[in-house]
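Trainee: Please see the structure below; I have some questions.
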Amino acid sequence: MEKLTILWQSTALANFQGGQLIMMAVGLLLLYLAIVRKYEPLLLLPIGFGAILTNIPLAGFSEPGGLLYYIYEVGIESGVFPLLIFMGVGAMTDFGALIANPRMLWLGAAAQFGIFATLFGAILLNLIPGFDFSLKDASAIAIIGGADGPTAIFLASKLAPELLGAIAVAAYSYMALVPIIQPPIMKALTTQAEREIQMEQLRTVSKREKIIFPLAVLLLTILFLPTATPLVGMFCLGNLMRECGVVERLSKTAQNELINIVTIFLGLAVGSKLSADKFLTLETLGILGLGALAFSIGTAAGVLMAKLLNRMSGGKVNPLIGAAGVSAVPMAARVVNKVGLEANPHNFLLMHAMGPNVAGVLGSAVAAGILLALVG
């Protein structure tokens, strides 16, 4: 009988707690969203599976000596995985639309307003009993508004590692929900006539311009905001490999094999932080709410800035492209194109929207650098 008791106590069934079951259900929900609904499957699938693994009693996946523990320590605690992801994203990014129309930088910058507005919102949330966000916590939460998962993970790992799981899940969830969240905001802030505006075709950008651009961006970052150089530097390296034309093998590796491998480990590492004791808190609900607010404000600020540029240009800028200022590449640009086509079947905005979209990637990295410099 004693041996049977010992055997029973060694099973997971005897050790499950309610919180662990809830978090495993959250993991299954993320798998459902990834597989059935196809929302950000490349990351939600490994995050969801990691959440299930880390909540298995006695398995020790996330404890010292466990697989997920070492993946997190090596890749997230060190900040390596988000930087490698940024290099891969840089290798997949074409800056041609931004170089052809540099004014789009304003839209990428305006969309980051949601980050700094939410920073104050997180501080104000402390007035409600049960919330206790420090300035570092608020900064890490606010970066969700940039709609850039790697940047959110990078900043959270530096400023608020205990909130990493909730911040990462919120960031990628809202990125996945871009086609649902953005259109109502875009339509509410624009008129039918504004949505119908057709923009002139962009000029052809030379190879020399595309090579000089990442070097110039890196130089400016080094001079004025060195705290952002880890993210911006790796992004520019990937882009230079793409555009220079002499390291095609390296560029393809960064775009495919490397970024795919890192994405698997990044998702598992984030999932390892979705344990019941860290995730099932009142603060998690606050993070999810603030993340939605940050993303909505960022979208609205981008659209309003585009309306201003439209007025200054004499009606030549479609305000819809401002919504692409958040750095959910290329999903936000596709949403802009879809809403534009609904208003005018001849209105193809995809290439125009890619300008503020890639500007948003740089903008979120710069915003992270500013927050690191101020509170890191």
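Naming scheme: A, B, ... for chains in displayed order of the structure tokens; residues 1 onward per chain; ligands 1 onward as shown.
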Residues at most 10 Å from A:Ile47, counting only C-alpha atoms, excluding those fewer than 5 positions away in the same chain, as a list in words?

Mentor: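 Returned residues: Gly27, Leu30, Leu31, Ala34, Pro41, Leu42, Ile52, Leu53, Gly165, Ala168, Val169, Tyr172, Thr263, Ile264, Phe265, Leu266, Gly267, Leu268, Ala269, Val270, Gly271, Ser272, Lys273 and Leu274 of chain A.
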
Trainee: Mind checking DSSP for stretch 5-141 of chain A and telling me the alpha helix (DSSP H) residues as an NGL selection string?

Mentor: :A and (5-9 or 18-35 or 41-54 or 67-71 or 80-92 or 96-100 or 104-110 or 113-124 or 135-141)

Trainee: Per residue of stretch 161-241 of chain A within 6 Å of stretch 78-94 of chain A, which atom pair is closest and at what distance in Å (one decimal), using only C-alpha atoms, listed by chain and increasing number, as CSV?

Mentor:
residue,atom,partner,partner_atom,distance
A:Leu231,CA,A:Leu83,CA,5.9
A:Met234,CA,A:Met87,CA,4.7
A:Phe235,CA,A:Gly90,CA,4.4
A:Gly238,CA,A:Ala91,CA,4.1
A:Asn239,CA,A:Gly90,CA,4.4

Trainee: Give me a file of those residues, with N, CA and C atoms, as a short mmCIF file (atom, residue, chain, number, x, y, z; two decimals), in the first residue's frame.

Mentor:
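As a result, selection-v9.cif now contains:
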data_model
loop_
_atom_site.label_atom_id
_atom_site.label_comp_id
_atom_site.auth_asym_id
_atom_site.auth_seq_id
_atom_site.Cartn_x
_atom_site.Cartn_y
_atom_site.Cartn_z
N LEU A 231 19.38 46.59 -31.19
CA LEU A 231 18.27 46.25 -32.09
C LEU A 231 18.49 46.81 -33.50
N MET A 234 21.55 45.14 -35.46
CA MET A 234 21.30 43.83 -36.05
C MET A 234 20.31 43.93 -37.21
N PHE A 235 19.34 44.83 -37.10
CA PHE A 235 18.39 45.04 -38.19
C PHE A 235 19.12 45.55 -39.43
N GLY A 238 21.28 42.77 -41.13
CA GLY A 238 20.48 41.90 -41.97
C GLY A 238 20.09 42.57 -43.27
N ASN A 239 19.71 43.86 -43.21
CA ASN A 239 19.30 44.57 -44.41
C ASN A 239 20.48 44.79 -45.37
#

Trainee: Extract, using only C-alpha atoms, all DNA, RNA and protein residues at most 12 Å from A:Ile212, discarding same-chain residues fewer than 4 positions from it, and format them as a list in words.

Mentor: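 So, after excluding close chain neighbours, the residues are Phe95, Gly96, Ile99, Val205, Ser206, Lys207, Arg208, Ala216, Val217, Leu218, Leu219, Cys236, Leu237, Asn239, Leu240, Glu243 and Cys244 of chain A.
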
Trainee: Go ahead and save the picked residues with C-alpha atoms, as an mmCIF file, in the first residue's frame.

Mentor:
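As a result, out_5.cif now contains:
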data_model
loop_
_atom_site.group_PDB
_atom_site.id
_atom_site.type_symbol
_atom_site.label_atom_id
_atom_site.label_comp_id
_atom_site.auth_asym_id
_atom_site.auth_seq_id
_atom_site.Cartn_x
_atom_site.Cartn_y
_atom_site.Cartn_z
ATOM 1 C CA PHE A 95 13.415 49.878 -47.508
ATOM 2 C CA GLY A 96 12.698 51.021 -51.062
ATOM 3 C CA ILE A 99 13.645 55.733 -49.261
ATOM 4 C CA VAL A 205 15.207 53.415 -55.799
ATOM 5 C CA SER A 206 18.794 52.630 -56.829
ATOM 6 C CA LYS A 207 20.897 49.828 -55.363
ATOM 7 C CA ARG A 208 23.392 52.396 -54.069
ATOM 8 C CA ALA A 216 23.305 55.857 -42.462
ATOM 9 C CA VAL A 217 20.614 54.665 -40.014
ATOM 10 C CA LEU A 218 23.212 52.829 -37.940
ATOM 11 C CA LEU A 219 25.532 55.863 -37.873
ATOM 12 C CA CYS A 236 20.753 47.081 -40.361
ATOM 13 C CA LEU A 237 23.215 44.169 -40.648
ATOM 14 C CA ASN A 239 19.305 44.571 -44.412
ATOM 15 C CA LEU A 240 22.836 45.263 -45.659
ATOM 16 C CA GLU A 243 20.975 44.709 -50.442
ATOM 17 C CA CYS A 244 24.734 44.476 -51.047
#

Trainee: Using only C-alpha atoms, what does the table of stretch 140-198 of chain A residues within 7 Å of stretch 323-341 of chain A look like, with each row giving the shortest atom pair and its distance in Å to one decimal, sorted by chain and ascending number, as a Markdown table?

Mentor:
| residue | atom | partner | partner_atom | distance |
| --- | --- | --- | --- | --- |
| A:Gly146 | CA | A:Val326 | CA | 5.5 |
| A:Ala147 | CA | A:Ala328 | CA | 5.5 |
| A:Asp148 | CA | A:Ser327 | CA | 5.7 |
| A:Met175 | CA | A:Ala328 | CA | 6.1 |
| A:Val178 | CA | A:Ala332 | CA | 6.6 |
| A:Pro179 | CA | A:Val335 | CA | 5.9 |
| A:Pro183 | CA | A:Val339 | CA | 6.9 |
| A:Met186 | CA | A:Ala323 | CA | 6.9 |
| A:Arg195 | CA | A:Gly340 | CA | 5.9 |
| A:Glu196 | CA | A:Gly340 | CA | 6.7 |

Trainee: Quick one: residues within 8 Å of A:Met351, only C-alpha atoms counted, chain neighbours fewer than 3 positions away excluded, as a list in words?

Mentor: Ala97, Ala333, Phe348, Met354 and Gly355 of chain A

Trainee: The selected residues should be written to file as a PDB file, in the first residue's frame (atoms: N, CA and C atoms).

Mentor:
ATOM      1  N   ALA A  97      10.418  51.573 -50.379  1.00  0.00           N
ATOM      2  CA  ALA A  97       9.253  52.459 -50.267  1.00  0.00           C
ATOM      3  C   ALA A  97       9.529  53.632 -49.334  1.00  0.00           C
ATOM      4  N   ALA A 333       0.451  46.689 -43.315  1.00  0.00           N
ATOM      5  CA  ALA A 333       0.398  47.236 -44.674  1.00  0.00           C
ATOM      6  C   ALA A 333      -0.681  46.526 -45.499  1.00  0.00           C
ATOM      7  N   PHE A 348      -4.564  50.879 -54.845  1.00  0.00           N
ATOM      8  CA  PHE A 348      -3.578  49.909 -54.365  1.00  0.00           C
ATOM      9  C   PHE A 348      -2.554  50.644 -53.492  1.00  0.00           C
ATOM     10  N   MET A 354       4.007  50.202 -47.065  1.00  0.00           N
ATOM     11  CA  MET A 354       5.244  49.560 -46.602  1.00  0.00           C
ATOM     12  C   MET A 354       6.249  50.589 -46.104  1.00  0.00           C
ATOM     13  N   GLY A 355       6.161  51.830 -46.594  1.00  0.00           N
ATOM     14  CA  GLY A 355       7.057  52.887 -46.123  1.00  0.00           C
ATOM     15  C   GLY A 355       6.897  53.141 -44.624  1.00  0.00           C
TER      16      GLY A 355
END

Trainee: Would you mind listing what lies within 12 Å of A:Asn126 as a VMD selection string, with only C-alpha atoms counted and same-chain residues fewer than 3 positions away left out?

Mentor: chain A and resid 119 to 123 129 to 135 137 to 138 282 to 283 286

Trainee: Which of these, A:Leu33, A:Ala140, A:Leu28, A:Leu372, has the shortest distance to A:Ala176 once you count only C-alpha atoms?

Mentor: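 Using only C-alpha atoms, the shortest distance to A:Ala176 belongs to A:Leu33.
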
Trainee: Using only C-alpha atoms, find the one residue out of A:Ser275, A:Ser296, A:Asn310, A:Ser157 that sits nearest to A:Phe61.

Mentor: A:Ser275

Trainee: Do a neighbour search on A:Leu105 at 12 Å with only C-alpha atoms, toss out local chain neighbours closer than 2 positions, and write the hits as number ranges by chain.

Mentor: A: 95, 97-103, 107-112, 302, 305-306, 309, 321-322, 324-326, 353-364
